[in-house]
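Here is the file run_18.tsv (TSV, C-alpha atoms).
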```
chain	number	residue	atom	x	y	z
A	1	MET	CA	194.61	89.36	-26.54
A	2	ASN	CA	193.36	88.32	-23.09
A	3	LEU	CA	195.23	90.02	-20.27
A	4	ALA	CA	196.19	88.07	-17.16
A	5	THR	CA	194.14	88.71	-14.02
A	6	MET	CA	194.80	88.41	-10.31
A	7	LEU	CA	192.92	85.11	-10.35
A	8	ASP	CA	195.19	83.73	-13.07
A	9	TYR	CA	198.24	84.38	-10.91
A	10	ILE	CA	196.57	83.00	-7.77
A	11	ASN	CA	195.85	79.81	-9.70
A	12	GLU	CA	199.55	79.60	-10.65
A	13	GLU	CA	200.72	79.78	-7.02
A	14	GLN	CA	200.67	76.04	-6.36
A	15	SER	CA	202.81	75.05	-9.35
A	16	MET	CA	205.22	77.96	-8.74
A	17	LEU	CA	205.65	77.07	-5.06
A	18	MET	CA	206.13	73.38	-5.85
A	19	ASN	CA	208.82	74.27	-8.40
A	20	ASN	CA	210.59	76.39	-5.78
A	21	LEU	CA	210.55	73.48	-3.34
A	22	ARG	CA	211.91	71.09	-5.98
A	23	THR	CA	214.83	73.37	-6.82
A	24	TYR	CA	215.81	73.78	-3.16
A	25	SER	CA	218.89	71.88	-2.07
A	26	PHE	CA	221.28	72.44	0.79
A	27	ILE	CA	224.57	74.09	-0.15
A	28	GLU	CA	227.30	74.67	2.40
A	29	ASN	CA	227.66	78.44	2.71
A	30	PRO	CA	230.29	79.92	5.06
A	31	GLN	CA	228.63	83.34	4.75
A	32	GLN	CA	225.37	81.98	6.18
A	33	GLN	CA	227.21	80.42	9.11
A	34	LYS	CA	228.06	83.97	10.29
A	35	ILE	CA	224.55	85.44	10.14
A	36	LYS	CA	223.29	86.67	13.50
A	37	ASN	CA	221.39	89.90	12.81
A	38	ILE	CA	219.44	90.58	9.62
A	39	LEU	CA	217.97	93.88	8.46
A	40	ILE	CA	215.29	93.54	5.79
A	41	LEU	CA	214.43	96.54	3.61
A	42	ALA	CA	211.03	96.27	1.94
A	43	THR	CA	207.90	98.25	1.24
A	44	GLY	CA	204.27	97.54	0.31
A	45	SER	CA	203.34	93.88	-0.17
A	46	SER	CA	207.02	92.93	0.09
A	47	TYR	CA	207.06	94.42	3.61
A	48	ASN	CA	203.91	92.49	4.52
A	49	ALA	CA	205.42	89.25	3.25
A	50	CYS	CA	208.58	89.85	5.29
A	51	LEU	CA	206.49	90.55	8.39
A	52	SER	CA	204.69	87.24	7.83
A	53	ALA	CA	207.95	85.37	7.25
A	54	LYS	CA	209.81	86.89	10.21
A	55	PRO	CA	208.80	84.28	12.85
A	56	ALA	CA	209.86	81.40	10.57
A	57	LEU	CA	213.09	83.10	9.48
A	58	GLU	CA	214.07	83.82	13.10
A	59	SER	CA	213.15	80.42	14.54
A	60	LEU	CA	214.80	78.44	11.72
A	61	SER	CA	217.96	80.53	11.32
A	62	GLY	CA	218.56	81.53	14.92
A	63	ALA	CA	219.14	85.09	13.72
A	64	SER	CA	217.36	88.23	14.87
A	65	VAL	CA	215.39	89.95	12.11
A	66	SER	CA	214.29	93.57	11.87
A	67	ILE	CA	212.28	95.06	9.02
A	68	GLU	CA	212.42	98.68	7.87
A	69	GLU	CA	210.60	100.72	5.28
A	70	PRO	CA	213.54	101.87	3.11
A	71	TYR	CA	212.35	105.46	2.62
A	72	HIS	CA	212.02	105.98	6.38
A	73	PHE	CA	215.33	104.21	6.97
A	74	ASN	CA	217.07	106.46	4.41
A	75	HIS	CA	215.91	109.67	6.06
A	76	TYR	CA	215.50	108.82	9.74
A	77	GLY	CA	217.06	105.42	10.41
A	78	ARG	CA	220.43	104.31	11.68
A	79	LEU	CA	222.10	101.01	10.93
A	80	SER	CA	222.72	99.00	14.07
A	81	GLU	CA	226.32	97.92	14.54
A	82	ALA	CA	224.99	94.42	15.22
A	83	VAL	CA	223.58	94.00	11.69
A	84	ASP	CA	225.74	91.70	9.56
A	85	THR	CA	223.31	91.01	6.69
A	86	VAL	CA	220.90	93.22	4.75
A	87	ILE	CA	218.18	91.71	2.56
A	88	ALA	CA	216.57	94.08	0.06
A	89	VAL	CA	213.21	92.79	-1.15
A	90	SER	CA	211.61	94.12	-4.33
A	91	GLN	CA	209.68	91.94	-6.76
A	92	SER	CA	210.37	94.30	-9.66
A	93	GLY	CA	213.85	95.22	-8.47
A	94	LYS	CA	213.02	98.83	-9.30
A	95	SER	CA	211.94	100.27	-5.93
A	96	ALA	CA	213.70	103.64	-5.81
A	97	SER	CA	213.77	103.90	-2.02
A	98	THR	CA	215.18	100.37	-1.63
A	99	ILE	CA	217.93	101.07	-4.17
A	100	ASP	CA	218.71	104.39	-2.46
A	101	ALA	CA	219.02	102.59	0.88
A	102	LEU	CA	221.56	100.14	-0.57
A	103	ASP	CA	223.55	103.06	-1.98
A	104	GLN	CA	223.73	104.55	1.51
A	105	LEU	CA	224.95	101.23	2.93
A	106	LYS	CA	227.67	100.54	0.33
A	107	SER	CA	230.42	101.86	2.61
A	108	GLN	CA	229.45	99.38	5.34
A	109	THR	CA	231.16	95.99	5.71
A	110	ILE	CA	227.94	93.99	5.63
A	111	HIS	CA	226.71	91.27	3.31
A	112	THR	CA	223.87	92.40	1.05
A	113	ILE	CA	221.26	90.21	-0.63
A	114	ALA	CA	218.55	91.07	-3.15
A	115	LEU	CA	215.33	89.06	-3.24
A	116	THR	CA	213.68	89.78	-6.60
A	117	SER	CA	212.07	88.28	-9.69
A	118	ASN	CA	213.96	90.61	-12.05
A	119	LEU	CA	217.57	89.49	-12.31
A	120	ALA	CA	218.36	92.32	-14.74
A	121	SER	CA	217.01	95.01	-12.43
A	122	PRO	CA	218.98	97.94	-10.96
A	123	LEU	CA	218.64	96.36	-7.51
A	124	CYS	CA	220.75	93.35	-8.48
A	125	SER	CA	223.76	95.52	-9.37
A	126	LYS	CA	223.82	96.92	-5.83
A	127	VAL	CA	224.22	93.69	-3.82
A	128	ASP	CA	226.66	90.86	-3.12
A	129	GLU	CA	224.13	88.09	-3.68
A	130	VAL	CA	220.85	87.67	-5.56
A	131	ILE	CA	218.03	85.26	-4.69
A	132	ASP	CA	215.66	84.69	-7.59
A	133	LEU	CA	211.97	84.49	-6.64
A	134	GLU	CA	211.58	82.06	-9.56
A	135	MET	CA	208.05	83.17	-10.34
A	136	GLY	CA	208.43	85.02	-13.62
A	137	VAL	CA	206.84	88.38	-14.36
A	138	GLU	CA	203.55	89.32	-12.69
A	139	THR	CA	201.97	91.90	-14.98
A	140	VAL	CA	199.00	92.67	-12.70
A	141	GLY	CA	199.76	95.54	-10.33
A	142	PHE	CA	197.97	93.88	-7.40
A	143	VAL	CA	200.58	91.25	-6.58
A	144	THR	CA	199.56	87.81	-5.35
A	145	LYS	CA	201.90	85.20	-6.80
A	146	GLY	CA	204.94	87.36	-5.98
A	147	TYR	CA	203.78	87.71	-2.38
A	148	SER	CA	203.62	83.94	-1.95
A	149	ALA	CA	206.98	83.46	-3.69
A	150	THR	CA	208.59	85.95	-1.28
A	151	LEU	CA	207.20	84.10	1.73
A	152	LEU	CA	208.44	80.70	0.59
A	153	LYS	CA	211.89	81.98	-0.39
A	154	LEU	CA	212.33	83.50	3.08
A	155	PHE	CA	211.21	80.20	4.66
A	156	LEU	CA	213.78	78.35	2.53
A	157	LEU	CA	216.47	80.89	3.38
A	158	GLY	CA	215.74	80.24	7.05
A	159	LEU	CA	216.12	76.49	6.49
A	160	SER	CA	219.42	77.01	4.67
A	161	ILE	CA	220.87	79.31	7.34
A	162	GLY	CA	219.68	76.98	10.10
A	163	GLN	CA	221.31	73.96	8.46
A	164	ASN	CA	224.54	75.87	7.76
A	165	LYS	CA	224.69	76.86	11.43
A	166	ASN	CA	223.96	73.26	12.50
A	167	ARG	CA	220.76	74.35	14.20
A	168	LEU	CA	218.71	72.09	11.94
A	169	SER	CA	219.55	68.52	11.03
A	170	SER	CA	219.04	67.31	7.47
A	171	GLU	CA	216.25	65.10	8.82
A	172	LYS	CA	214.46	68.09	10.37
A	173	VAL	CA	214.77	70.06	7.13
A	174	GLU	CA	213.36	67.14	5.13
A	175	PHE	CA	210.46	66.88	7.59
A	176	LEU	CA	209.63	70.58	7.23
A	177	LEU	CA	209.93	70.47	3.43
A	178	LYS	CA	207.57	67.48	3.36
A	179	GLN	CA	205.12	69.36	5.58
A	180	LEU	CA	205.20	72.38	3.26
A	181	THR	CA	204.75	70.16	0.21
A	182	GLU	CA	201.71	68.43	1.67
A	183	ALA	CA	200.10	71.77	2.51
A	184	ILE	CA	200.91	73.32	-0.87
A	185	VAL	CA	199.18	70.38	-2.58
A	186	LYS	CA	195.94	71.64	-0.99
A	187	ILE	CA	196.10	75.14	-2.52
A	188	PRO	CA	193.55	74.40	-5.30
A	189	GLU	CA	191.19	73.21	-2.57
A	190	ILE	CA	191.84	76.40	-0.57
A	191	ILE	CA	191.03	78.49	-3.66
A	192	GLU	CA	187.83	76.53	-4.27
A	193	LYS	CA	186.74	76.88	-0.64
A	194	SER	CA	187.50	80.62	-0.69
A	195	GLN	CA	185.45	81.14	-3.84
A	196	ALA	CA	182.50	79.22	-2.38
A	197	PHE	CA	182.73	81.16	0.90
A	198	PHE	CA	182.75	84.46	-1.00
A	199	GLU	CA	179.75	83.42	-3.10
A	200	LYS	CA	177.78	82.52	0.04
A	201	ASN	CA	178.60	85.90	1.62
A	202	LYS	CA	178.66	88.02	-1.53
A	203	SER	CA	175.98	90.44	-0.34
A	204	ILE	CA	178.05	91.33	2.75
A	205	PHE	CA	181.08	92.16	0.59
A	206	LYS	CA	178.92	94.18	-1.78
A	207	LEU	CA	177.19	96.32	0.84
A	208	SER	CA	179.91	96.78	3.46
A	209	ASN	CA	182.05	99.90	3.54
A	210	ARG	CA	184.59	99.12	6.29
A	211	PHE	CA	186.75	96.00	6.55
A	212	VAL	CA	189.15	94.98	9.33
A	213	ALA	CA	191.38	91.93	9.70
A	214	ILE	CA	192.94	90.83	12.97
A	215	GLY	CA	195.85	88.41	13.14
A	216	TYR	CA	198.63	87.29	15.43
A	217	GLY	CA	202.10	85.79	15.10
A	218	PRO	CA	203.00	85.26	11.43
A	219	ASN	CA	199.50	86.31	10.45
A	220	TRP	CA	199.95	89.87	11.63
A	221	GLY	CA	201.64	90.15	8.22
A	222	THR	CA	198.62	88.44	6.63
A	223	ALA	CA	196.35	91.06	8.19
A	224	LYS	CA	198.57	93.82	6.79
A	225	GLU	CA	198.49	92.24	3.34
A	226	PHE	CA	194.70	92.07	3.61
A	227	GLU	CA	194.82	95.81	4.26
A	228	THR	CA	196.97	96.41	1.20
A	229	LYS	CA	194.95	94.20	-1.14
A	230	PHE	CA	191.50	95.37	-0.04
A	231	THR	CA	192.58	99.01	-0.26
A	232	GLU	CA	194.03	98.48	-3.74
A	233	THR	CA	191.09	96.52	-5.17
A	234	ILE	CA	187.86	96.97	-3.21
A	235	ARG	CA	188.86	100.59	-2.48
A	236	LYS	CA	186.98	100.94	0.78
A	237	PRO	CA	188.55	101.74	4.17
A	238	SER	CA	190.39	98.57	5.21
A	239	GLN	CA	192.90	97.93	8.00
A	240	GLY	CA	194.86	95.01	9.36
A	241	PHE	CA	195.78	94.83	13.04
A	242	GLU	CA	197.85	92.66	15.33
A	243	LEU	CA	195.50	91.01	17.83
A	244	GLU	CA	196.56	92.82	20.98
A	245	ALA	CA	197.08	96.14	19.18
A	246	TYR	CA	193.42	96.10	18.06
A	247	MET	CA	192.39	95.95	21.73
A	248	HIS	CA	194.36	99.10	22.54
A	249	GLY	CA	192.11	101.66	20.89
A	250	PRO	CA	191.03	100.63	17.37
A	251	TYR	CA	188.05	98.63	18.69
A	252	LEU	CA	186.46	101.90	19.82
A	253	GLU	CA	185.46	102.83	16.26
A	254	ALA	CA	183.51	99.58	15.71
A	255	ASP	CA	179.94	99.90	14.49
A	256	HIS	CA	177.35	98.03	12.44
A	257	GLU	CA	179.10	98.89	9.14
A	258	HIS	CA	182.24	96.99	10.10
A	259	VAL	CA	183.15	93.51	8.84
A	260	LEU	CA	185.84	91.84	10.97
A	261	PHE	CA	187.98	88.92	9.79
A	262	PHE	CA	189.75	86.92	12.51
A	263	ILE	CA	192.78	85.05	11.17
A	264	ASP	CA	193.12	81.97	13.32
A	265	THR	CA	195.66	79.17	13.83
A	266	LYS	CA	196.29	76.43	16.35
A	267	SER	CA	198.15	78.59	18.82
A	268	GLU	CA	198.20	79.77	22.41
A	269	ASN	CA	196.62	82.97	21.05
A	270	HIS	CA	193.54	81.17	19.71
A	271	ALA	CA	191.53	81.55	22.94
A	272	ARG	CA	192.39	85.25	23.19
A	273	ALA	CA	191.23	85.88	19.61
A	274	GLN	CA	188.05	83.88	20.16
A	275	GLN	CA	187.29	85.89	23.29
A	276	LEU	CA	187.66	89.14	21.34
A	277	GLN	CA	185.49	87.87	18.49
A	278	THR	CA	182.72	86.86	20.90
A	279	TYR	CA	182.85	90.29	22.51
A	280	MET	CA	182.77	92.17	19.20
A	281	ASN	CA	180.00	90.13	17.56
A	282	SER	CA	177.18	92.32	18.83
A	283	SER	CA	178.98	95.59	18.01
A	284	VAL	CA	179.75	95.08	14.32
A	285	GLY	CA	177.86	94.08	11.21
A	286	LYS	CA	179.60	90.74	10.77
A	287	THR	CA	182.56	88.71	12.00
A	288	TYR	CA	184.23	85.89	10.10
A	289	THR	CA	186.99	83.43	11.00
A	290	ILE	CA	189.59	82.33	8.47
A	291	THR	CA	191.31	79.33	10.05
A	292	THR	CA	193.78	76.56	9.32
A	293	GLU	CA	191.73	74.27	11.58
A	294	LYS	CA	188.67	72.17	10.87
A	295	SER	CA	185.39	73.99	11.52
A	296	ASN	CA	181.74	73.49	10.65
A	297	ASP	CA	180.72	77.00	11.68
A	298	GLU	CA	178.98	78.72	8.76
A	299	ASP	CA	180.89	81.97	9.39
A	300	SER	CA	184.24	80.21	9.37
A	301	LEU	CA	186.35	79.42	6.33
A	302	SER	CA	188.18	76.23	7.29
A	303	LEU	CA	191.34	75.52	5.28
A	304	ASP	CA	191.94	72.26	7.16
A	305	ILE	CA	195.71	72.15	6.71
A	306	ALA	CA	198.43	70.88	9.04
A	307	CYS	CA	201.75	72.72	9.26
A	308	GLU	CA	203.92	74.67	11.67
A	309	GLU	CA	202.24	77.88	12.78
A	310	CYS	CA	205.14	79.90	11.35
A	311	PHE	CA	204.28	78.55	7.86
A	312	THR	CA	200.51	79.20	8.01
A	313	SER	CA	200.75	82.69	6.49
A	314	LEU	CA	201.58	81.08	3.13
A	315	PHE	CA	198.07	79.62	3.05
A	316	LEU	CA	195.93	82.02	5.07
A	317	VAL	CA	196.69	84.88	2.68
A	318	ILE	CA	195.05	83.06	-0.25
A	319	PRO	CA	191.41	83.63	0.85
A	320	PHE	CA	192.10	87.37	1.09
A	321	GLN	CA	193.65	87.37	-2.37
A	322	ILE	CA	190.46	85.71	-3.67
A	323	PHE	CA	188.18	88.05	-1.70
A	324	SER	CA	190.07	91.07	-3.06
A	325	TYR	CA	189.62	89.99	-6.66
A	326	LEU	CA	185.98	88.91	-6.35
A	327	GLY	CA	185.10	91.77	-4.00
A	328	ALA	CA	186.22	94.33	-6.57
A	329	GLY	CA	183.85	92.69	-9.05
A	330	VAL	CA	180.77	92.94	-6.83
A	331	LYS	CA	181.69	96.56	-6.07
A	332	GLY	CA	181.63	97.26	-9.81
A	333	ILE	CA	185.37	97.96	-10.02
A	334	ASP	CA	187.12	96.94	-13.23
A	335	LEU	CA	190.65	96.00	-12.14
A	336	SER	CA	191.84	95.84	-15.75
A	337	LYS	CA	191.23	99.57	-16.09
A	338	ARG	CA	194.37	101.38	-14.97
A	339	ILE	CA	194.03	104.42	-12.73
A	340	PHE	CA	196.67	106.98	-11.65
A	341	ASP	CA	198.63	105.83	-14.68
A	342	ASP	CA	201.29	108.54	-14.30
A	343	PHE	CA	201.84	107.97	-10.57
A	344	ASP	CA	205.25	106.28	-10.74
A	345	SER	CA	206.62	108.73	-13.30
A	346	VAL	CA	205.48	111.80	-11.32
A	347	LEU	CA	206.36	110.54	-7.83
A	348	LYS	CA	209.40	108.53	-8.98
A	349	SER	CA	208.61	105.64	-6.65
A	350	LYS	CA	210.16	103.19	-9.12
A	351	ILE	CA	213.18	103.46	-11.39
```
Encoded form (structure tokens):
Amino acid sequence: MNLATMLDYINEEQSMLMNNLRTYSFIENPQQQKIKNILILATGSSYNACLSAKPALESLSGASVSIEEPYHFNHYGRLSEAVDTVIAVSQSGKSASTIDALDQLKSQTIHTIALTSNLASPLCSKVDEVIDLEMGVETVGFVTKGYSATLLKLFLLGLSIGQNKNRLSSEKVEFLLKQLTEAIVKIPEIIEKSQAFFEKNKSIFKLSNRFVAIGYGPNWGTAKEFETKFTETIRKPSQGFELEAYMHGPYLEADHEHVLFFIDTKSENHARAQQLQTYMNSSVGKTYTITTEKSNDEDSLSLDIACEECFTSLFLVIPFQIFSYLGAGVKGIDLSKRIFDDFDSVLKSKI
């Protein structure tokens, strides 16, 4: 029996996202009309997805959003009195720290929501409302499809809250849904471009031992997901930084072994990122740009898509998912071979 791979799930992203868009419809929800301050509890790739979705969720819903690692929140955090809604995000629904956090919050008069793909999971029994990721089961440990599903569901939640609060007209929502649909249609092209870009630069991926991604706005989360995926699959030191944060110290370690990826969108921050890339070019082994814009530069991967900047993370993450999968191959790493097989049972990170 052939086991599914990361690439299989990446190739399923377009149809899954389109299905999620088709099933979306506005429903009047008095609970959403009250939402002003949201606390999201998530860890790992779920945290990264929430970080990427935060600008869209805030701008569409008009709510303030904070994100906490549940383990840290359990032991050192304090729930703000302003929080009226808690969203617990776990693809499997079995994250022990997330479930523990909900247990600690059960005495609070706040609305709780689970965002998960496992409707029979322990997480679902702890909350007032469940949002189904509608992406099935992802059997590969290095999540890709689930990451994209989480992003889109949070975008759609923002649209729903915004419309319930009369911040967004039905016409504006339809316009944004159409924009998302037109961009999602291009995902197979994005995958093809990413594969071709990797093939052209395969020797760099094979020989390099330090990878860094730099993003801004919603793509700070993309840079963090790059960090997670490259660490999990390519298994070489990899870090993702917010643009300005990279300039406050991390740049000092740069040397000829470093490969830097600049995640770029049409934004007021574009010029700042370009200035940094120009400066760093002579100090590192290689710099690349992954951009939503058109570009003929040979070191740029141009996705050539048009959408709101807050939605771009849904598409800019795909090249890094592809690079992670293909990069592991050129490094001689067999991702189908499980390692640390007893980790969850010993550390009890999942129920």
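If you measure from each of A:Ala183, A:Ala213, A:Glu298, A:Ile305 to Met18 of chain A using only C-alpha atoms, the closest one turns out to be A:Ala183.
Using only C-alpha atoms, the shortest contact distance between Glu174 of chain A and any of A:His111, A:Ser238, A:Leu21, A:Thr5 is found at A:Leu21.
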(message) Need the shell around Leu152 of chain A: protein/DNA/RNA residues with any atom at most 9 Å away, counting all atoms listed in the file. Skip same-chain ones fewer than 5 positions apart. Format as an NGL selection string?
(response) :A and (17 or 20-21 or 53 or 133 or 147 or 157 or 311 or 314)
Could you please take those selected residues and save C-alpha atoms as a tab-separated table (two decimals), in the frame of the given file?
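Result written to out_27.tsv:
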```
chain	number	residue	atom	x	y	z
A	17	LEU	CA	205.65	77.07	-5.06
A	20	ASN	CA	210.59	76.39	-5.78
A	21	LEU	CA	210.55	73.48	-3.34
A	53	ALA	CA	207.95	85.37	7.25
A	133	LEU	CA	211.97	84.49	-6.64
A	147	TYR	CA	203.78	87.71	-2.38
A	157	LEU	CA	216.47	80.89	3.38
A	311	PHE	CA	204.28	78.55	7.86
A	314	LEU	CA	201.58	81.08	3.13
```
(message) So, with all atoms listed in the file as the atoms that count, which of A:Gly162, A:Gly44, A:Pro30, A:Gly77 lies closest to Val143 of chain A?
(response) A:Gly44
(request) Fewer than 6 positions away in the same chain doesn't count, so skip those; otherwise give me all residues within 8 Å of segment 255-265 of chain A, counting all atoms listed in the file, as a ChimeraX atom specification. (result) /A:208-216,219,223,273,277,283-293,309,312,316
May I ask you to restore N, CA, C and O atoms in segment 153-173 of chain A and write the result as an mmCIF file, keeping the file's coordinate frame?
```cif
data_model
loop_
_atom_site.group_PDB
_atom_site.id
_atom_site.type_symbol
_atom_site.label_atom_id
_atom_site.label_comp_id
_atom_site.auth_asym_id
_atom_site.auth_seq_id
_atom_site.Cartn_x
_atom_site.Cartn_y
_atom_site.Cartn_z
ATOM 1 N N LYS A 153 210.443 81.803 -0.276
ATOM 2 C CA LYS A 153 211.890 81.980 -0.390
ATOM 3 C C LYS A 153 212.518 82.356 0.953
ATOM 4 O O LYS A 153 213.635 81.924 1.276
ATOM 5 N N LEU A 154 211.812 83.144 1.763
ATOM 6 C CA LEU A 154 212.330 83.500 3.080
ATOM 7 C C LEU A 154 212.283 82.297 4.026
ATOM 8 O O LEU A 154 213.181 82.120 4.860
ATOM 9 N N PHE A 155 211.246 81.454 3.890
ATOM 10 C CA PHE A 155 211.210 80.200 4.660
ATOM 11 C C PHE A 155 212.428 79.346 4.300
ATOM 12 O O PHE A 155 213.118 78.812 5.177
ATOM 13 N N LEU A 156 212.674 79.198 2.997
ATOM 14 C CA LEU A 156 213.780 78.350 2.530
ATOM 15 C C LEU A 156 215.128 78.935 2.924
ATOM 16 O O LEU A 156 216.066 78.187 3.245
ATOM 17 N N LEU A 157 215.232 80.260 2.918
ATOM 18 C CA LEU A 157 216.470 80.890 3.380
ATOM 19 C C LEU A 157 216.699 80.564 4.853
ATOM 20 O O LEU A 157 217.821 80.275 5.272
ATOM 21 N N GLY A 158 215.636 80.598 5.640
ATOM 22 C CA GLY A 158 215.740 80.240 7.050
ATOM 23 C C GLY A 158 216.218 78.805 7.236
ATOM 24 O O GLY A 158 217.071 78.521 8.090
ATOM 25 N N LEU A 159 215.683 77.887 6.424
ATOM 26 C CA LEU A 159 216.120 76.490 6.490
ATOM 27 C C LEU A 159 217.604 76.377 6.150
ATOM 28 O O LEU A 159 218.362 75.658 6.825
ATOM 29 N N SER A 160 218.032 77.076 5.106
ATOM 30 C CA SER A 160 219.420 77.010 4.670
ATOM 31 C C SER A 160 220.372 77.562 5.727
ATOM 32 O O SER A 160 221.395 76.937 6.045
ATOM 33 N N ILE A 161 220.023 78.724 6.288
ATOM 34 C CA ILE A 161 220.870 79.310 7.340
ATOM 35 C C ILE A 161 220.920 78.390 8.547
ATOM 36 O O ILE A 161 221.981 78.129 9.124
ATOM 37 N N GLY A 162 219.748 77.871 8.938
ATOM 38 C CA GLY A 162 219.680 76.980 10.100
ATOM 39 C C GLY A 162 220.517 75.734 9.920
ATOM 40 O O GLY A 162 221.192 75.276 10.862
ATOM 41 N N GLN A 163 220.517 75.166 8.714
ATOM 42 C CA GLN A 163 221.310 73.960 8.460
ATOM 43 C C GLN A 163 222.796 74.300 8.391
ATOM 44 O O GLN A 163 223.639 73.542 8.890
ATOM 45 N N ASN A 164 223.135 75.461 7.807
ATOM 46 C CA ASN A 164 224.540 75.870 7.760
ATOM 47 C C ASN A 164 225.098 76.138 9.145
ATOM 48 O O ASN A 164 226.298 75.948 9.383
ATOM 49 N N LYS A 165 224.245 76.573 10.062
ATOM 50 C CA LYS A 165 224.690 76.860 11.430
ATOM 51 C C LYS A 165 224.533 75.647 12.354
ATOM 52 O O LYS A 165 224.718 75.755 13.567
ATOM 53 N N ASN A 166 224.169 74.509 11.751
ATOM 54 C CA ASN A 166 223.960 73.260 12.500
ATOM 55 C C ASN A 166 222.870 73.368 13.562
ATOM 56 O O ASN A 166 222.884 72.652 14.560
ATOM 57 N N ARG A 167 221.938 74.264 13.329
ATOM 58 C CA ARG A 167 220.760 74.350 14.200
ATOM 59 C C ARG A 167 219.716 73.316 13.777
ATOM 60 O O ARG A 167 218.923 72.850 14.605
ATOM 61 N N LEU A 168 219.694 73.016 12.496
ATOM 62 C CA LEU A 168 218.710 72.090 11.940
ATOM 63 C C LEU A 168 219.427 70.910 11.317
ATOM 64 O O LEU A 168 220.357 71.083 10.516
ATOM 65 N N SER A 169 218.995 69.716 11.651
ATOM 66 C CA SER A 169 219.550 68.520 11.030
ATOM 67 C C SER A 169 218.944 68.356 9.636
ATOM 68 O O SER A 169 217.883 68.926 9.326
ATOM 69 N N SER A 170 219.587 67.574 8.803
ATOM 70 C CA SER A 170 219.040 67.310 7.470
ATOM 71 C C SER A 170 217.693 66.611 7.573
ATOM 72 O O SER A 170 216.798 66.839 6.756
ATOM 73 N N GLU A 171 217.524 65.792 8.614
ATOM 74 C CA GLU A 171 216.250 65.100 8.820
ATOM 75 C C GLU A 171 215.133 66.085 9.170
ATOM 76 O O GLU A 171 214.003 65.964 8.676
ATOM 77 N N LYS A 172 215.453 67.076 10.001
ATOM 78 C CA LYS A 172 214.460 68.090 10.370
ATOM 79 C C LYS A 172 214.072 68.919 9.152
ATOM 80 O O LYS A 172 212.894 69.233 8.940
ATOM 81 N N VAL A 173 215.053 69.282 8.334
ATOM 82 C CA VAL A 173 214.770 70.060 7.130
ATOM 83 C C VAL A 173 213.878 69.265 6.186
ATOM 84 O O VAL A 173 212.903 69.799 5.639
#
```
